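Down below is the structure, laid out as C-alpha cells.
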Amino acid sequence: MTIDLGTLRTVGSDLSSGVPDCDPADAWQRRRDEYKLVGPLNRHKFRIIVVGTGLAGAGCAAALGELGYNVSSFTFHDAPRRAHSVAAQGGINAARARKVDNDSIHRFVVDTVKGGDFRSREADAFRLAEESIRVIDHLNAIGAPFAREYGGSLATRSFGGVQVSRTYYTRGQTGQQLQVAASQALLRQVAAGTVTLHTRQEMLDLIVADGRAQGIITRDLVTGEISAQTAHAVVLATGGYGTVYFQSTLARNCNATASWRAHRRGALLASPSFIQFHPTALPVSAEWQSKTTLMSESLRNDGRIWVPRKQHDDRPPNDIPDAERDYYLERKYPTFGNLTPRDVASRAAREQIESGHGVGPLRNSVYLDFRDALARLGKSTIAERYGNLFSMYHDATGENPYEVPMRIAPAAHFTMGGLWSDFDQMTSVPGLFVGGEVGWGYHGANRLGANSLLSACVDGWFTLPYSIPNYLAPLLNTPPLAQDDDAVQAAAASVAARVDALTSIGGTEGPDRFHRRLGAILYRGCGVSRSVESLSTAIDEIRSLRDEFWSNLRVTGGGREFNQELERAGRVADFLELAELMCVDALDRDESCGAHFRTDHQTADGEAMRDDENWCFVSAWETTDDGAQIRHDEPLSFPAVGLQTRNYQ
C-alpha cells in the first residue's frame, strides 16, 4: 500500500539558523562577540532549569552554577551519575592534532559534514571542532583518566569515517569516566548551593506562557506527586529516542517523553527519521530479549569483519580458511576498510545477512575477528586496549573473543534527529534550549563515532553557558512565573488528566507488549532500509496500534504512588505518536542520505543517492493540536566543505 503525502503533511515557512553572515569558520567567534552579558552581581537573580544529568546536562548545570546562576537540576535517576552517557564506550573526538598525521580543524569539519552526508549545519561543525580542543583539556583537568602514551601525553586512536587518530579514550569506559567527572563537577555546585538537585523526578510537560518556556511539570516517581517548577529558562538534555525501537542499545529507561511533550507545546522536531543503526551491537539471540548490547566501535580498529563466502555455511569460524572468507568492508571500501562510517557498515552487514551469509544460531550476525591482531600485537596489548569489552562480550555470550570471533549485527542506537534549535541552541520556543542528543545539531544524517560524547560536552560546557545569558539579559528584574499563573495550573491539570486517562483504560495488555510490537513495526518499515511501501504500511500499522493502546492498555495501580508500569505506559504513548512522525518524515524525504536509505534512491552499486537540488535542507516538524503535521525547512549551504558524493573506497 502507499499513502498520499498530501494527507500526511503540509509545508510551512522557512527557518532561520541564526548563524552570523560570515565565513562559517568565524561564525562561532562572531556570535560570541555579539552576545549580551549578565553581570556577576545579577546572575543569582535568574532561575534556570536543566533537565537531565548526562554529560550535556551535568556540564551545563555545573557551568551555570559556577558562574553564579540559580540552577535547578532534574533527573529521573536516583543519582546524576546514572545518566545514560555512562554507556558510551569508545572515546571522544578532538581536533587537537597531537599525532603527526596531518589532522586539523578543517579536516575535522570535512569528516563530520561528509560523514553526516551534508545534512547538518556547517557552522555547527566548526564550533564542534573549535571547542573540542578545550573540551579535552577541561575534562582532563577535572579528573577524567584518559589513556596516555609512554611519555605521558594523552593517547588517541582512530574511529569510523576518518583516516587520522583523533579519538581520546579511557579503555572501553570513556562515557562512564567522563560522566563520573561531570557528576563530580555538578555535585560540587550542589554543595556550594548554586545548584539544587532533584532526583527521581520525571518531566511530563513544558510550561509555556507569553510565548516563552517558563517552567516544567514533573511527577515524583516515588510518591506520584505532580508539581510545577518555574524559571526564566529551561534546558532539555534528556537524550535521544532510540528506544522507540524497543530493542536498542540504549538503557530501557531512556525515552522521548520530555522532548515529545516540548514538541507538543510548540518546539519543532528536526529530521526525526534520521536514526543510526550501530554496526557493532550484539545480535538478538531470543524472542524474549528486551534490548541489544553495544560493543564499542573502537573494536573496528583491530578487528576484521567478515562472513563466509558460501551461503548458509555452518562450519565453526576458525575452520573456515581465509580463501573462503569475505572481508566485505575491506573489499568494497579499501581506503577505509573496517573503519567505514556506521551507516555504510550497517547497510553492508544487513546486505550480507539478508543474502544468506549471516552467521550464528539465528544467522543474524557477522564476524568481528581479532585473530590477526592477536598474532601481530599479542594478547597483552589487545587486552590493554579492549580488555573490559572482551570481558563484557564473554559475560553476555559465553564465548571467548580471544579464541573465537565475536558476532555482531546492526541495532538501533543513536538519533541524529531531535528538537530543532538555532545556532544558539535555542528551540522554536523562546527560552527552551537543548543540549546533547535531544537536539538535532552537528551530525546530519549520520553521526561519526566518538562525536556524541564531544557534542554533549561542547553543548553543556562551552555553548549553553554563553548563549543562555544572551537570552536572559533583557529579562533582568523580571520574576519567574508565579505558581498560581493560569498557564502553570493548566499544564499541571493536563498532566494529571493524562495520568488518570492511562490508569483508567482497564484493558488486558501491558505497555511493554505494545512497545515490543511498535519496535517490530519500525524495524520492518523504518529500519536500516526504507521504501515507500514499507513506510506507508508502517504508518497504517502504527495508527492501528495506537488505537488499540488507548482502548486495551492495562496499567495496574494508581497514579499517586510508585508505579513503574504507569511510567512505561506514558512513555509508550509518546512513542506511538513519535513513531508516526518518524515514518512521515522518512516518506516525505524523497532521497537517500546517510542513515536514511530509501531503496528507491540508490546508485548502481547500492550506495545512497542524495538529491541536493530538492532536499538540501533540514526538515523541522510542527504538530498542531489536532495532530496535523507541518514541515518547516532550514536551507543548508556548504561554502567550506562543498557538496560532494561520499566515497569511502
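By convention here, the chains of the C-alpha cells are called A, B, ... in the order presented, each chain's residues are numbered starting at 1, and ligands are numbered starting at 1 in the order presented.
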Distance query region 307-309 of chain A at most 8 Å, only C-alpha atoms, self and fewer than 2 positions along chain excluded, as a PyMOL selection string: chain A and resi 305+311+313+320+324-328+352+357-359+366-367
Quick one: DSSP strand (DSSP E or B) residues in region 71-128 of chain A, as a PyMOL selection string? chain A and resi 71-74+92-93
Would you list, as a ChimeraX atom specification, the residues of region 40-166 of chain A that end up in alpha helix (DSSP H) under DSSP run on this structure's backbone? /A:55-67,105-115,122-141
Write out as an MDAnalysis selection string each polymer residue whose atoms come within 7 Å of Val51 (chain A), counting only C-alpha atoms; drop sequence neighbours fewer than 4 positions from it. chainID A and resid 57 73:75 235:238
Give me the residues within 9 Å of region 520-528 of chain A as a tab-separated table (two decimals) with N, CA, C and O atoms, in the first residue's frame, counting only C-alpha atoms and dropping any in the same chain fewer than 5 places off.
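Output file out32.tsv follows:
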```tsv
chain	number	residue	atom	x	y	z
A	244	VAL	N	12.53	3.91	20.98
A	244	VAL	CA	11.26	3.76	20.28
A	244	VAL	C	11.23	2.42	19.55
A	244	VAL	O	10.16	1.84	19.32
A	245	TYR	N	12.41	1.89	19.20
A	245	TYR	CA	12.51	0.60	18.51
A	245	TYR	C	12.41	-0.59	19.47
A	245	TYR	O	12.56	-1.73	19.03
A	246	PHE	N	12.17	-0.35	20.72
A	246	PHE	CA	12.12	-1.36	21.78
A	246	PHE	C	13.48	-2.01	21.96
A	246	PHE	O	14.15	-1.79	22.94
A	247	GLN	N	13.90	-2.83	21.02
A	247	GLN	CA	15.22	-3.44	21.11
A	247	GLN	C	16.25	-2.47	20.52
A	247	GLN	O	16.36	-2.31	19.31
A	273	SER	N	13.42	11.00	11.35
A	273	SER	CA	13.69	9.69	10.76
A	273	SER	C	15.18	9.38	10.66
A	273	SER	O	15.55	8.27	10.25
A	275	ILE	N	17.93	7.96	12.04
A	275	ILE	CA	18.25	7.05	13.13
A	275	ILE	C	19.50	6.27	12.77
A	275	ILE	O	19.60	5.70	11.69
A	276	GLN	N	20.45	6.22	13.69
A	276	GLN	CA	21.66	5.45	13.44
A	276	GLN	C	21.53	4.03	13.97
A	276	GLN	O	21.16	3.82	15.13
A	277	PHE	N	21.85	3.08	13.10
A	277	PHE	CA	21.91	1.68	13.50
A	277	PHE	C	23.38	1.32	13.66
A	277	PHE	O	24.14	1.33	12.70
A	343	ASP	N	26.72	4.15	9.12
A	343	ASP	CA	25.59	3.85	8.23
A	343	ASP	C	26.02	2.93	7.10
A	343	ASP	O	25.30	2.01	6.72
A	346	SER	N	26.64	-0.60	8.58
A	346	SER	CA	25.39	-1.28	8.95
A	346	SER	C	24.65	-1.79	7.72
A	346	SER	O	24.13	-2.91	7.71
A	347	ARG	N	24.59	-0.97	6.67
A	347	ARG	CA	23.92	-1.43	5.45
A	347	ARG	C	24.63	-2.62	4.84
A	347	ARG	O	24.01	-3.58	4.37
A	350	ARG	N	23.81	-5.68	6.85
A	350	ARG	CA	22.44	-6.11	6.57
A	350	ARG	C	22.35	-6.81	5.22
A	350	ARG	O	21.65	-7.82	5.07
A	410	PRO	N	23.79	-4.99	13.18
A	410	PRO	CA	23.28	-3.63	13.36
A	410	PRO	C	22.11	-3.60	14.35
A	410	PRO	O	21.28	-4.50	14.37
A	411	ALA	N	22.04	-2.52	15.15
A	411	ALA	CA	20.94	-2.33	16.09
A	411	ALA	C	20.67	-0.85	16.25
A	411	ALA	O	21.58	-0.02	16.15
A	412	ALA	N	19.40	-0.49	16.48
A	412	ALA	CA	19.02	0.91	16.70
A	412	ALA	C	19.85	1.49	17.84
A	412	ALA	O	19.99	0.88	18.90
A	515	HIS	N	4.84	-1.73	23.24
A	515	HIS	CA	6.15	-1.21	22.86
A	515	HIS	C	6.89	-2.22	21.98
A	515	HIS	O	7.48	-1.86	20.95
A	533	GLU	N	6.64	1.71	0.16
A	533	GLU	CA	5.67	0.70	0.60
A	533	GLU	C	5.84	0.37	2.08
A	533	GLU	O	4.85	0.29	2.83
A	534	SER	N	7.09	0.18	2.53
A	534	SER	CA	7.29	-0.20	3.93
A	534	SER	C	6.88	0.93	4.87
A	534	SER	O	6.31	0.68	5.94
A	535	LEU	N	7.13	2.17	4.49
A	535	LEU	CA	6.78	3.30	5.34
A	535	LEU	C	5.27	3.52	5.37
A	535	LEU	O	4.70	3.82	6.42
A	536	SER	N	4.62	3.37	4.23
A	536	SER	CA	3.17	3.52	4.19
A	536	SER	C	2.49	2.47	5.05
A	536	SER	O	1.55	2.75	5.81
A	537	THR	N	2.99	1.23	4.94
A	537	THR	CA	2.44	0.15	5.76
A	537	THR	C	2.67	0.42	7.24
A	537	THR	O	1.78	0.21	8.08
A	538	ALA	N	3.88	0.91	7.58
A	538	ALA	CA	4.20	1.18	8.98
A	538	ALA	C	3.29	2.26	9.55
A	538	ALA	O	2.81	2.15	10.69
A	539	ILE	N	3.03	3.31	8.80
A	539	ILE	CA	2.14	4.37	9.29
A	539	ILE	C	0.76	3.82	9.60
A	539	ILE	O	0.16	4.11	10.64
A	541	GLU	N	-0.01	0.69	10.30
A	541	GLU	CA	0.07	-0.21	11.45
A	541	GLU	C	0.23	0.55	12.76
A	541	GLU	O	-0.33	0.14	13.79
A	542	ILE	N	1.00	1.64	12.75
A	542	ILE	CA	1.18	2.43	13.97
A	542	ILE	C	-0.14	3.06	14.41
A	542	ILE	O	-0.48	3.08	15.59
A	579	ALA	N	6.56	7.78	16.61
A	579	ALA	CA	6.86	6.80	15.57
A	579	ALA	C	6.18	7.15	14.26
A	579	ALA	O	6.76	6.99	13.18
A	582	MET	N	8.11	9.92	12.64
A	582	MET	CA	9.35	9.40	12.07
A	582	MET	C	9.09	8.84	10.66
A	582	MET	O	9.85	9.11	9.72
A	583	CYS	N	8.03	8.06	10.54
A	583	CYS	CA	7.73	7.44	9.24
A	583	CYS	C	7.24	8.47	8.23
A	583	CYS	O	7.55	8.37	7.04
A	586	ALA	N	10.35	10.16	6.98
A	586	ALA	CA	11.10	9.28	6.08
A	586	ALA	C	10.40	9.14	4.73
A	586	ALA	O	11.05	9.06	3.68
A	595	ALA	N	22.05	7.65	7.09
A	595	ALA	CA	21.30	6.53	7.65
A	595	ALA	C	19.88	6.44	7.11
A	595	ALA	O	19.21	5.44	7.34
A	596	HIS	N	19.42	7.49	6.43
A	596	HIS	CA	18.10	7.44	5.78
A	596	HIS	C	18.30	6.86	4.38
A	596	HIS	O	18.60	7.58	3.42
A	597	PHE	N	18.14	5.56	4.26
A	597	PHE	CA	18.41	4.87	3.00
A	597	PHE	C	17.09	4.39	2.40
A	597	PHE	O	16.49	3.42	2.87
```
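Comparing the minimum interatomic distances between Tyr333 (chain A) and each of A:Gly12, A:Gln201, A:Asn647, A:Val38, counting only C-alpha atoms, we find that A:Asn647 sits nearest.
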CA of Gly439 (chain A) sits from CA of Arg121 (chain A) at a separation of 12.7 Å
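Residue nearest Tyr442 (chain A), chosen from A:Glu297, A:Glu577, A:Glu122, A:Asp512 and counting only C-alpha atoms: A:Glu122.
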